[in-house]
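For reference, entry.txt is printed below; it contains compact mmCIF, C-alpha atoms.
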# COMPACT_ATOMS: atom_id res chain seq x y z
CA MET A 139 14.19 21.93 9.15
CA VAL A 140 17.88 22.91 9.38
CA SER A 141 19.84 25.54 7.53
CA ASN A 142 21.42 24.79 4.17
CA LYS A 143 24.75 25.61 5.73
CA THR A 144 24.34 22.77 8.18
CA THR A 145 23.28 20.19 5.61
CA SER A 146 25.78 21.07 2.89
CA GLN A 147 28.50 19.03 4.57
CA HIS A 148 26.24 15.96 4.47
CA THR A 149 25.44 16.00 0.74
CA VAL A 150 24.28 12.54 -0.37
CA GLN A 151 25.70 11.10 -3.56
CA ASP A 152 23.31 9.35 -5.97
CA ASN A 153 23.52 5.62 -5.48
CA VAL A 154 20.83 3.21 -6.64
CA SER A 155 22.07 0.13 -4.76
CA ASP A 156 19.50 -1.36 -2.40
CA LYS A 157 21.52 -0.47 0.69
CA HIS A 158 22.04 3.18 -0.26
CA ARG A 159 18.83 4.00 -2.12
CA ARG A 160 17.53 7.21 -0.63
CA LEU A 161 14.12 7.77 0.91
CA ILE A 162 12.35 10.85 -0.37
CA PHE A 163 9.67 12.28 1.94
CA ASN A 164 7.45 15.28 1.34
CA ASN A 165 6.22 17.11 4.42
CA ASP A 166 2.61 17.23 3.19
CA GLU A 167 2.37 13.47 2.52
CA ASP A 168 2.77 12.03 6.01
CA ASN A 169 -0.73 10.46 6.14
CA CYS A 170 -1.29 9.81 2.43
CA VAL A 171 -1.16 6.69 0.29
CA ILE A 172 1.85 7.34 -1.94
CA VAL A 173 1.41 5.99 -5.46
CA GLU A 174 4.65 5.64 -7.44
CA GLY A 175 4.42 5.29 -11.19
CA SER A 176 6.84 3.37 -13.40
CA GLU A 177 9.10 6.41 -13.68
CA LYS A 178 9.87 6.21 -9.92
CA ARG A 179 10.27 2.46 -9.72
CA GLU A 180 14.06 2.26 -10.06
CA GLU A 181 14.78 4.78 -7.31
CA SER A 182 12.02 3.58 -4.96
CA MET A 183 12.76 1.89 -1.64
CA PHE A 184 10.11 -0.64 -2.70
CA ARG A 185 11.94 -1.64 -5.87
CA ALA A 186 12.67 -5.16 -4.58
CA GLN A 187 8.98 -5.54 -3.65
CA TYR A 188 7.86 -4.34 -7.10
CA ASP A 189 10.24 -6.77 -8.80
CA LEU A 190 8.97 -9.70 -6.74
CA ALA A 191 5.32 -8.74 -7.32
CA HIS A 192 5.94 -8.50 -11.07
CA ASP A 193 7.54 -11.97 -11.05
CA ILE A 194 4.52 -13.45 -9.25
CA PHE A 195 2.14 -11.59 -11.57
CA ARG A 196 3.88 -12.90 -14.70
CA GLU A 197 3.64 -16.45 -13.38
CA LEU A 198 -0.04 -16.17 -12.44
CA SER A 199 -1.19 -14.22 -15.50
CA ALA A 200 0.38 -16.46 -18.14
CA ASP A 201 -2.15 -18.45 -20.21
CA LYS A 202 -0.60 -21.70 -19.01
CA SER A 203 -1.28 -20.67 -15.39
CA LYS A 204 -5.08 -21.04 -15.56
CA ASP A 205 -4.95 -24.27 -13.57
CA LEU A 206 -2.76 -22.55 -10.96
CA ARG A 207 -5.31 -19.73 -10.55
CA LYS A 208 -7.98 -22.32 -9.75
CA THR A 209 -6.14 -23.09 -6.51
CA ASN A 210 -4.37 -19.83 -5.77
CA ASN A 211 -4.56 -16.49 -7.53
CA ILE A 212 -3.44 -14.04 -4.83
CA ILE A 213 -0.53 -11.62 -4.66
CA ALA A 214 -0.39 -10.52 -1.02
CA PHE A 215 1.44 -7.41 0.19
CA CYS A 216 2.23 -8.28 3.81
CA GLY A 217 3.38 -6.08 6.67
CA ASP A 218 2.49 -4.35 9.92
CA ARG A 219 0.35 -1.26 10.19
CA GLY A 220 2.18 1.69 8.68
CA SER A 221 4.76 -0.42 6.84
CA GLY A 222 3.68 0.94 3.45
CA LYS A 223 1.87 -2.13 2.12
CA THR A 224 -1.11 -0.15 0.77
CA SER A 225 1.17 2.34 -0.99
CA CYS A 226 3.27 -0.50 -2.39
CA MET A 227 0.21 -2.41 -3.63
CA GLU A 228 -1.42 0.66 -5.20
CA SER A 229 1.89 1.63 -6.83
CA PHE A 230 2.34 -1.86 -8.25
CA ARG A 231 -1.23 -1.77 -9.56
CA GLN A 232 -0.59 1.61 -11.17
CA GLN A 233 2.61 0.33 -12.78
CA LEU A 234 0.77 -2.69 -14.18
CA LYS A 235 -2.08 -0.81 -15.83
CA PRO A 236 -0.29 0.78 -18.82
CA ASP A 237 1.18 -2.59 -19.87
CA GLN A 238 -1.85 -4.72 -19.04
CA ASP A 239 -4.89 -2.57 -19.92
CA ALA A 240 -5.34 -4.53 -23.16
CA ASN A 241 -5.55 -7.86 -21.30
CA CYS A 242 -6.70 -7.03 -17.78
CA LEU A 243 -9.76 -5.35 -16.34
CA PHE A 244 -8.85 -3.54 -13.10
CA LEU A 245 -11.69 -3.04 -10.61
CA GLU A 246 -11.51 -0.22 -8.06
CA THR A 247 -9.79 -1.01 -4.74
CA ILE A 248 -12.14 -2.55 -2.18
CA ASP A 249 -12.08 -1.41 1.47
CA PRO A 250 -13.24 -4.28 3.73
CA SER A 251 -13.84 -1.97 6.70
CA PHE A 252 -17.27 -1.17 5.25
CA PHE A 253 -18.40 -4.81 5.14
CA ASP A 254 -21.15 -6.00 7.46
CA ASP A 255 -23.80 -8.73 7.61
CA SER A 256 -25.62 -7.18 4.65
CA ASN A 257 -22.63 -6.27 2.47
CA ASN A 258 -19.94 -8.81 1.60
CA ILE A 259 -16.91 -8.79 -0.63
CA LEU A 260 -18.58 -10.82 -3.37
CA GLY A 261 -21.50 -8.40 -3.64
CA LEU A 262 -19.11 -5.48 -3.92
CA VAL A 263 -17.10 -7.21 -6.66
CA LEU A 264 -20.27 -7.92 -8.64
CA GLY A 265 -21.45 -4.35 -8.10
CA GLN A 266 -18.19 -2.97 -9.47
CA MET A 267 -18.33 -5.33 -12.43
CA TYR A 268 -21.85 -4.18 -13.23
CA ASN A 269 -20.84 -0.50 -13.02
CA VAL A 270 -18.02 -1.12 -15.49
CA LEU A 271 -20.53 -2.86 -17.78
CA VAL A 272 -22.92 0.11 -17.62
CA LYS A 273 -20.11 2.53 -18.53
CA ASP A 274 -19.09 0.29 -21.40
CA GLU A 275 -22.71 0.15 -22.60
CA ARG A 276 -22.73 3.92 -22.97
CA LYS A 277 -19.69 3.69 -25.22
CA ARG A 278 -21.25 0.89 -27.26
CA ASP A 279 -24.60 2.64 -27.71
CA ARG A 280 -24.07 3.30 -31.40
CA PRO A 281 -26.32 2.88 -34.47
CA TYR A 282 -24.23 0.02 -35.84
CA ARG A 283 -24.53 -2.09 -32.71
CA SER A 284 -25.23 -5.69 -33.77
CA ASP A 285 -27.90 -8.19 -32.69
CA LYS A 286 -25.03 -10.36 -31.52
CA ASP A 287 -24.00 -7.65 -29.05
CA ASP A 288 -27.55 -7.35 -27.77
CA PHE A 289 -27.84 -11.12 -27.28
CA ALA A 290 -24.50 -11.29 -25.41
CA ARG A 291 -25.55 -8.39 -23.19
CA GLU A 292 -28.90 -9.99 -22.29
CA GLN A 293 -27.18 -13.27 -21.53
CA LEU A 294 -24.66 -11.48 -19.32
CA LEU A 295 -27.36 -9.64 -17.39
CA GLU A 296 -29.14 -12.94 -16.80
CA GLU A 297 -25.94 -14.40 -15.32
CA PHE A 298 -25.63 -11.38 -13.01
CA ASN A 299 -29.22 -11.93 -11.92
CA THR A 300 -28.64 -15.64 -11.24
CA ALA A 301 -25.48 -14.93 -9.24
CA MET A 302 -27.28 -12.37 -7.06
CA ARG A 303 -30.15 -14.81 -6.46
CA TYR A 304 -27.77 -17.51 -5.23
CA MET A 305 -25.97 -14.95 -3.06
CA LYS A 306 -29.23 -14.20 -1.24
CA HIS A 307 -29.58 -17.87 -0.44
CA LEU A 308 -26.15 -17.79 1.24
CA ALA A 309 -27.26 -15.09 3.68
CA LYS A 310 -28.02 -15.86 7.31
CA ALA A 311 -31.38 -17.52 7.87
CA SER A 312 -32.77 -14.34 9.44
CA ASN A 313 -31.82 -12.34 6.33
CA ARG A 314 -33.18 -14.77 3.73
CA GLU A 315 -36.42 -14.28 1.91
CA LYS A 316 -39.12 -16.79 2.82
CA PHE A 317 -39.37 -19.70 0.41
CA TYR A 318 -42.74 -20.45 -1.16
CA ASP A 319 -42.21 -24.16 -1.83
CA ALA A 320 -39.92 -27.10 -0.99
CA LEU A 321 -38.19 -27.07 -4.38
CA GLU A 322 -37.10 -23.49 -3.91
CA GLU A 323 -35.74 -24.38 -0.49
CA LEU A 324 -33.77 -27.31 -2.01
CA ASP A 325 -32.38 -24.88 -4.58
CA ALA A 326 -31.22 -22.67 -1.72
CA LEU A 327 -29.41 -25.58 -0.04
CA ALA A 328 -27.35 -26.11 -3.18
CA ALA A 329 -26.67 -22.38 -3.52
CA GLY A 330 -22.97 -22.61 -2.60
CA LEU A 331 -22.05 -25.04 -5.38
CA GLN A 332 -24.37 -23.37 -7.85
CA LEU A 333 -22.93 -19.94 -7.09
CA ARG A 334 -19.37 -21.05 -7.74
CA GLU A 335 -20.31 -22.50 -11.13
CA THR A 336 -22.45 -19.47 -11.99
CA LEU A 337 -19.60 -17.09 -11.15
CA ARG A 338 -17.17 -19.09 -13.27
CA HIS A 339 -19.47 -18.69 -16.29
CA LEU A 340 -20.13 -15.04 -15.41
CA PHE A 341 -16.45 -14.13 -15.22
CA GLU A 342 -15.76 -15.91 -18.49
CA SER A 343 -18.68 -14.28 -20.35
CA TYR A 344 -18.01 -10.88 -18.80
CA LEU A 345 -14.35 -10.78 -19.87
CA ALA A 346 -15.18 -12.05 -23.35
CA TYR A 347 -17.87 -9.36 -23.77
CA LEU A 348 -15.43 -6.61 -22.72
CA GLY A 349 -12.52 -8.04 -24.70
CA LYS A 350 -10.31 -8.81 -21.69
CA LYS A 351 -8.55 -11.94 -20.44
CA LEU A 352 -8.17 -11.41 -16.69
CA LEU A 353 -10.17 -9.69 -13.95
CA VAL A 354 -7.88 -7.98 -11.38
CA ILE A 355 -9.51 -7.48 -7.96
CA THR A 356 -7.75 -5.27 -5.37
CA ILE A 357 -8.53 -5.56 -1.64
CA ASP A 358 -6.95 -3.24 0.94
CA ASP A 359 -6.34 -4.36 4.55
CA LEU A 360 -8.18 -7.68 4.48
CA ASP A 361 -7.57 -8.15 8.22
CA LEU A 362 -8.76 -4.70 9.32
CA ASN A 363 -12.37 -5.81 9.80
CA ILE A 364 -11.74 -8.30 12.63
CA ARG A 365 -15.34 -9.52 12.74
CA GLY A 366 -15.61 -10.09 9.02
CA ALA A 367 -12.06 -11.19 8.13
CA TYR A 368 -12.85 -14.91 8.23
CA VAL A 369 -16.07 -14.55 6.22
CA MET A 370 -14.27 -12.44 3.61
CA SER A 371 -11.45 -14.97 3.42
CA GLU A 372 -13.96 -17.76 2.90
CA PHE A 373 -15.68 -15.86 0.08
CA ILE A 374 -12.30 -15.32 -1.57
CA ARG A 375 -11.32 -18.97 -1.18
CA LYS A 376 -14.63 -20.39 -2.39
CA TYR A 377 -15.75 -17.98 -5.08
CA LEU A 378 -12.93 -15.68 -6.19
CA THR A 379 -10.18 -18.27 -6.52
CA ASP A 380 -10.95 -18.63 -10.20
CA GLU A 381 -8.94 -19.05 -13.38
CA GLN A 382 -10.39 -15.78 -14.73
CA CYS A 383 -9.40 -13.70 -11.68
CA LEU A 384 -6.25 -12.39 -10.06
CA ILE A 385 -6.35 -10.80 -6.60
CA LEU A 386 -4.07 -8.14 -5.14
CA LEU A 387 -4.50 -7.70 -1.41
CA SER A 388 -2.73 -6.02 1.49
CA VAL A 389 -2.78 -7.78 4.84
CA LYS A 390 -1.15 -8.03 8.23
CA VAL A 391 -0.79 -11.81 8.37
CA ASP A 392 -0.59 -12.12 12.17
CA GLN A 393 -3.82 -10.18 12.61
CA LEU A 394 -5.58 -12.25 9.94
CA VAL A 395 -4.49 -15.41 11.77
CA GLU A 396 -5.81 -13.95 15.03
CA ALA A 397 -9.17 -13.02 13.46
CA ILE A 398 -9.60 -16.50 12.00
CA LYS A 399 -8.53 -18.11 15.28
CA ILE A 400 -11.22 -16.19 17.18
CA ASN A 401 -13.87 -17.25 14.65
CA LEU A 402 -12.84 -20.92 14.70
CA ARG A 403 -12.78 -21.01 18.49
CA GLN A 404 -16.27 -19.53 18.72
CA GLU A 405 -17.82 -21.66 15.98
CA GLN A 406 -16.16 -24.99 16.74
CA HIS A 407 -15.72 -24.60 20.53
CA ILE A 408 -12.06 -25.66 20.52
CA SER A 409 -9.07 -24.55 22.59
CA ASP A 410 -6.95 -21.49 21.86
CA GLU A 411 -4.01 -23.69 20.93
CA GLU A 412 -5.97 -25.84 18.49
CA SER A 413 -7.79 -22.89 16.92
CA TYR A 414 -4.44 -21.11 16.44
CA ARG A 415 -2.91 -24.14 14.67
CA MET A 416 -5.93 -24.41 12.40
CA ALA A 417 -5.88 -20.67 11.66
CA VAL A 418 -2.19 -20.77 10.69
CA LYS A 419 -2.78 -23.69 8.32
CA TYR A 420 -5.78 -21.89 6.82
CA VAL A 421 -3.82 -18.71 6.13
CA VAL A 422 -0.84 -20.62 4.70
CA LYS A 423 -3.20 -22.34 2.26
CA LEU A 424 -5.03 -19.11 1.38
CA ILE A 425 -1.83 -17.06 0.98
CA PRO A 426 1.17 -19.34 0.28
CA ALA A 427 4.60 -18.01 1.22
CA GLY A 428 5.58 -17.88 -2.45
CA ASN A 429 2.76 -15.40 -3.16
CA ARG A 430 3.69 -12.96 -0.40
CA VAL A 431 5.48 -9.67 -0.93
CA ASN A 432 6.86 -8.66 2.48
CA MET A 433 7.34 -4.99 3.28
CA PRO A 434 10.80 -3.73 4.32
CA GLU A 435 11.47 -3.34 8.04
CA LEU A 436 13.49 -0.58 9.69
CA GLU A 437 16.72 -2.59 9.44
CA ASN A 438 16.30 -2.61 5.66
CA TYR A 439 16.29 1.16 5.32
CA CYS A 440 17.64 2.80 8.51
CA ASP A 441 21.04 3.24 6.80
CA ASN A 442 19.52 4.65 3.60
CA ALA A 443 20.01 8.32 2.80
CA LEU A 444 17.00 10.53 3.52
CA GLU A 445 15.79 13.49 1.50
CA TYR A 446 13.13 15.57 3.24
CA ARG A 447 11.22 18.22 1.33
CA LYS A 448 9.21 21.02 2.90
CA GLY A 449 7.94 23.91 0.84
CA GLY A 450 10.75 24.91 -1.49
CA GLN A 451 13.50 23.56 0.76
CA THR A 452 15.15 20.15 0.55
CA ASN A 453 17.28 18.77 3.38
CA GLU A 454 19.50 15.73 2.91
CA TYR A 455 20.87 13.32 5.51
CA ARG A 456 23.35 10.48 5.37
CA SER A 457 20.90 8.01 6.89
CA VAL A 458 17.43 7.74 8.35
CA LYS A 459 18.68 6.88 11.82
CA GLU A 460 21.16 9.78 11.83
CA ALA A 461 18.48 12.19 10.61
CA ILE A 462 16.09 11.40 13.47
CA THR A 463 18.61 11.73 16.31
CA ARG A 464 20.20 14.87 14.81
CA ILE A 465 16.94 16.69 14.17
CA ILE A 466 15.62 15.87 17.65
CA PHE A 467 18.78 17.40 19.11
CA TRP A 468 18.63 20.49 16.86
CA LYS A 469 15.00 21.12 17.74
CA THR A 470 14.88 20.16 21.44
CA GLY A 471 18.38 19.66 22.79
CA TYR A 472 17.51 16.07 23.79
CA LEU A 473 20.20 13.50 23.01
CA PHE A 474 19.54 10.02 21.62
CA TYR A 475 22.30 7.79 20.27
CA ASN A 476 22.65 5.17 17.54
CA SER A 477 25.01 2.39 18.52
CA LYS A 478 27.15 0.45 16.08
CA GLY A 479 24.94 -1.92 14.10
CA ARG A 480 21.74 -0.75 15.77
CA SER A 481 19.57 2.33 15.50
CA SER A 482 18.26 4.14 18.55
CA LEU A 483 14.88 2.98 19.79
CA ILE A 484 13.60 6.52 19.24
CA VAL A 485 13.81 5.91 15.46
CA PRO A 486 10.27 4.82 14.41
CA ARG A 487 9.92 1.18 13.42
CA ASN A 488 7.62 1.74 10.43
CA LEU A 489 7.32 4.22 7.57
CA ARG A 490 4.09 5.88 8.71
CA SER A 491 5.45 6.61 12.19
CA LEU A 492 8.70 7.81 10.63
CA ARG A 493 6.82 10.26 8.40
CA GLN A 494 4.70 11.49 11.29
CA LEU A 495 7.68 12.12 13.58
CA LEU A 496 9.53 13.99 10.83
CA HIS A 497 6.38 16.04 10.20
CA LEU A 498 6.17 16.92 13.92
CA LEU A 499 9.83 17.95 14.04
CA ALA A 500 9.55 19.93 10.81
CA ALA A 501 6.75 22.01 12.36
CA MET A 502 9.02 23.07 15.25
CA GLU A 503 11.05 26.26 15.14
CA ASP A 504 14.82 25.87 14.88
CA HIS A 505 16.63 26.18 18.21
CA ASP A 506 17.50 29.77 19.00
CA LYS A 507 19.32 30.61 22.25
CA GLN A 508 17.64 34.01 22.22
CA ASN A 509 14.15 32.45 22.11
CA SER A 510 13.77 30.21 25.15
CA THR A 511 9.96 30.24 24.90
CA ALA A 512 9.99 28.51 21.49
CA HIS A 513 12.64 26.07 22.70
CA HIS A 514 10.57 25.03 25.71
CA ALA A 515 7.51 24.69 23.44
CA ASN A 516 9.52 22.31 21.22
CA GLN A 517 10.53 20.28 24.25
CA GLN A 518 6.94 20.04 25.46
CA LEU A 519 5.74 18.90 22.02
CA PHE A 520 8.42 16.23 21.87
CA LYS A 521 7.74 15.01 25.41
CA ASN A 522 4.06 14.63 24.59
CA TYR A 523 5.04 12.56 21.53
CA PHE A 524 7.53 10.50 23.53
CA PHE A 525 5.21 9.74 26.45
CA ARG A 526 1.90 9.37 24.57
CA THR A 527 2.75 8.20 21.04
CA TRP A 528 6.14 6.48 21.12
CA THR A 529 5.08 4.32 24.06
CA GLN A 530 2.17 2.85 22.09
CA GLN A 531 4.58 0.45 20.39
CA LEU A 532 5.22 -1.23 23.75
CA ASN A 533 3.15 -4.11 25.05
CA GLN A 534 0.36 -3.52 27.53
CA GLU A 535 2.44 -4.57 30.54
CA TYR A 536 5.09 -1.90 29.89
CA GLN A 537 2.53 0.73 28.96
CA GLU A 538 0.87 0.25 32.34
CA ARG A 539 4.21 0.75 34.11
CA ILE A 540 4.85 3.94 32.16
CA ASP A 541 1.35 5.23 32.93
CA LYS A 542 2.10 4.83 36.64
CA ILE A 543 5.36 6.77 36.25
CA LEU A 544 3.65 9.56 34.30
CA ALA A 545 0.86 9.74 36.86
CA ASN A 546 3.42 10.84 39.47
CA ASP A 547 3.02 14.61 39.93
CA ASN A 548 5.56 14.99 42.73
CA ASN A 549 9.09 15.63 41.52
CA LEU A 550 10.51 14.57 44.88
CA HIS A 551 9.04 11.07 44.48
CA PHE A 552 9.79 10.67 40.77
CA ASN A 553 13.00 8.63 41.11
CA LYS A 554 11.42 6.33 43.69
CA THR A 555 8.42 5.78 41.40
CA VAL A 556 10.71 4.80 38.52
CA VAL A 557 12.72 2.44 40.74
CA ALA A 558 9.51 0.84 42.03
CA GLN A 559 8.42 0.09 38.46
CA LEU A 560 11.85 -1.19 37.39
CA SER A 561 11.97 -3.48 40.42
CA THR A 562 9.00 -5.46 39.05
CA LEU A 563 10.90 -6.48 35.90
CA PRO A 564 11.84 -10.18 35.76
CA GLU A 565 15.44 -9.23 34.93
CA PHE A 566 15.92 -8.16 38.56
CA ASP A 567 14.35 -11.24 40.21
CA LYS A 568 17.66 -12.90 41.13
CA MET A 569 19.88 -9.82 41.42
CA LYS A 570 20.60 -9.47 45.14
CA LYS A 571 22.77 -6.33 44.82
CA PHE A 572 19.70 -4.12 44.34
CA GLU A 573 17.71 -5.43 47.31
CA LYS A 574 18.39 -2.36 49.47
CA LEU A 575 17.49 0.02 46.66
CA PHE A 576 14.24 -1.86 46.05
CA ASP A 577 13.24 -1.69 49.71
CA SER A 578 9.88 0.10 49.75
CA SER A 579 10.71 1.74 53.09
CA ASN A 580 13.43 3.90 51.48
CA TYR A 581 12.83 7.61 51.68
CA ALA A 582 12.20 9.18 48.28
CA TYR A 583 14.93 11.82 48.77
CA ASN A 584 17.53 9.06 49.27
CA ILE A 585 17.04 7.70 45.70
CA SER A 586 19.04 9.60 43.13
CA LEU A 587 19.02 9.88 39.36
CA GLY A 588 22.30 7.95 39.50
CA ASP A 589 20.47 5.02 41.12
CA VAL A 590 17.90 5.06 38.33
CA MET A 591 20.57 5.17 35.61
CA ASN A 592 22.48 2.35 37.33
CA LEU A 593 19.37 0.16 37.16
Show this structure as structure tokens.
Amino acid sequence: MVSNKTTSQHTVQDNVSDKHRRLIFNNDEDNCVIVEGSEKREESMFRAQYDLAHDIFRELSADKSKDLRKTNNIIAFCGDRGSGKTSCMESFRQQLKPDQDANCLFLETIDPSFFDDSNNILGLVLGQMYNVLVKDERKRDRPYRSDKDDFAREQLLEEFNTAMRYMKHLAKASNREKFYDALEELDALAAGLQLRETLRHLFESYLAYLGKKLLVITIDDLDLNIRGAYVMSEFIRKYLTDEQCLILLSVKVDQLVEAIKINLRQEQHISDEESYRMAVKYVVKLIPAGNRVNMPELENYCDNALEYRKGGQTNEYRSVKEAITRIIFWKTGYLFYNSKGRSSLIVPRNLRSLRQLLHLLAAMEDHDKQNSTAHHANQQLFKNYFFRTWTQQLNQEYQERIDKILANDNNLHFNKTVVAQLSTLPEFDKMKKFEKLFDSSNYAYNISLGDVMNL
């Protein structure tokens, strides 16, 4: 991205304190889930999150914690989109496996975005459990297999069959099979309670058969499926909050609250305010604060050293915020500034956006005074990012103002267009000194860049 000569004066010393732990980015990993094994834990920017998750796991997985898992058995990795919660959760899961393989059975990570009216989280969990059982059966298919094994297997398969039968009864009326007699219909009405008890026995028998103590279920982005988030949460609360299970999930809490609020409002016909209060209480009960692992925000790592690797070259920077403003200048000539105690607003607010901006800048040619064509191409690329991508973090009201400014294709009227949009901000409502400048009858050529900067 920059020459070694330029970066040599900014060599970063190794320092494993939280404040100075360096971020290490690879150019080809900007859109990937990054899984860090135990060997990278100490130097990771997520070390505090891993430590907290391990503490919660030890508390929940202890034999004496069975009663606790009956009411809450979730470790939630919480953060906004792009904050690294999936990478953190998958890394923690990977770090757990070598130590816990003897005691825990880890199911594959579940993606809720594929759920619909016909496929729910419980069905997918049971499907994964059955697949693990089939694979184990192939290993056990030996001449010296005992009658006791065969009996346990048949009993287990019967419990799977019973659980699936009760699950069908929980489906919407339009999706249920027709009942042939009244007794079968009564059995369907009691399906919820029966299913919970059946699953408890199934989990217990299943783990005993496979020689494990705890079933670890991993769910990525619980809130991503807005329509199904409440239903999935209810299935977790009713049927997967079990002493034999432990759940790892990633979630954006605010969006989960919003999804549940929408569902409650529609089902119970209550006000926005009341549905919001109920949704907050629901989420607090489902995911208590003590079980949440919150992802770091920009303020937690903007002063950390950054190491950026591309091909065979490694570039080092004193801090994340310095790296962004410096590289933008080296590539485009545009100046952004970090003030004391605060990073420039051009520095992305989450890890995914940070990786993507660095990837964009890394793809640009270094500034060369003899190559104005490449320089202008860099500027155009950055302006497209700035106007179309960076602005997406703003709320809708500000995005609409920016769209109106960008829609202006007359350079002569540009300053007036900007002033017109700034004049609608509430900050200027009681400021009389700008009245003349805000007068819509002003000629466009009378409004200068200085007027805009003054505002």
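Take atom CA of A:Leu333 and atom CA of A:Gly261: the distance between them is 12.1 Å.
Counting from atom CA of A:Leu560, the distance to atom CA of A:Gln518 is 24.8 Å.
Among the candidates A:Thr555, A:Gln537, A:Ser457, A:Gln494, the one nearest to A:Ser481 when counting only C-alpha atoms is A:Ser457.
Of the listed residues A:Asp361, A:Glu411, A:Asp239, A:Glu335, the one whose atoms come nearest to A:Asp392 is A:Asp361, with distances taken using all atoms listed in the file.
From atom CA of A:Leu348 back to atom CA of A:Gly175, the distance works out to 25.9 Å.
Omitting stretch 289-305 of chain A and its sequence neighbours fewer than 3 positions away, and counting only C-alpha atoms, the residues within 6 Å are Lys286, Leu308, Ala329, Leu333 and Leu340 of chain A.
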Inset, instruction - Name the closest residue to A:Leu499 among the candidates A:Ser251, A:Asn257, A:Asn165, A:Thr529; distances are taken between atoms, counting only C-alpha atoms. - result: A:Asn165
Inset, instruction - Select, from A:Asn580, A:Thr209, A:Ser225, A:Gln393, the residue with the minimum atom-to-atom distance to A:Arg365, counting only C-alpha atoms. - result: A:Gln393
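Considering the residues A:Glu342, A:Asp504, A:Glu197, A:Glu181 and counting only C-alpha atoms, A:Phe467 has its shortest atom-to-atom contact with A:Asp504.
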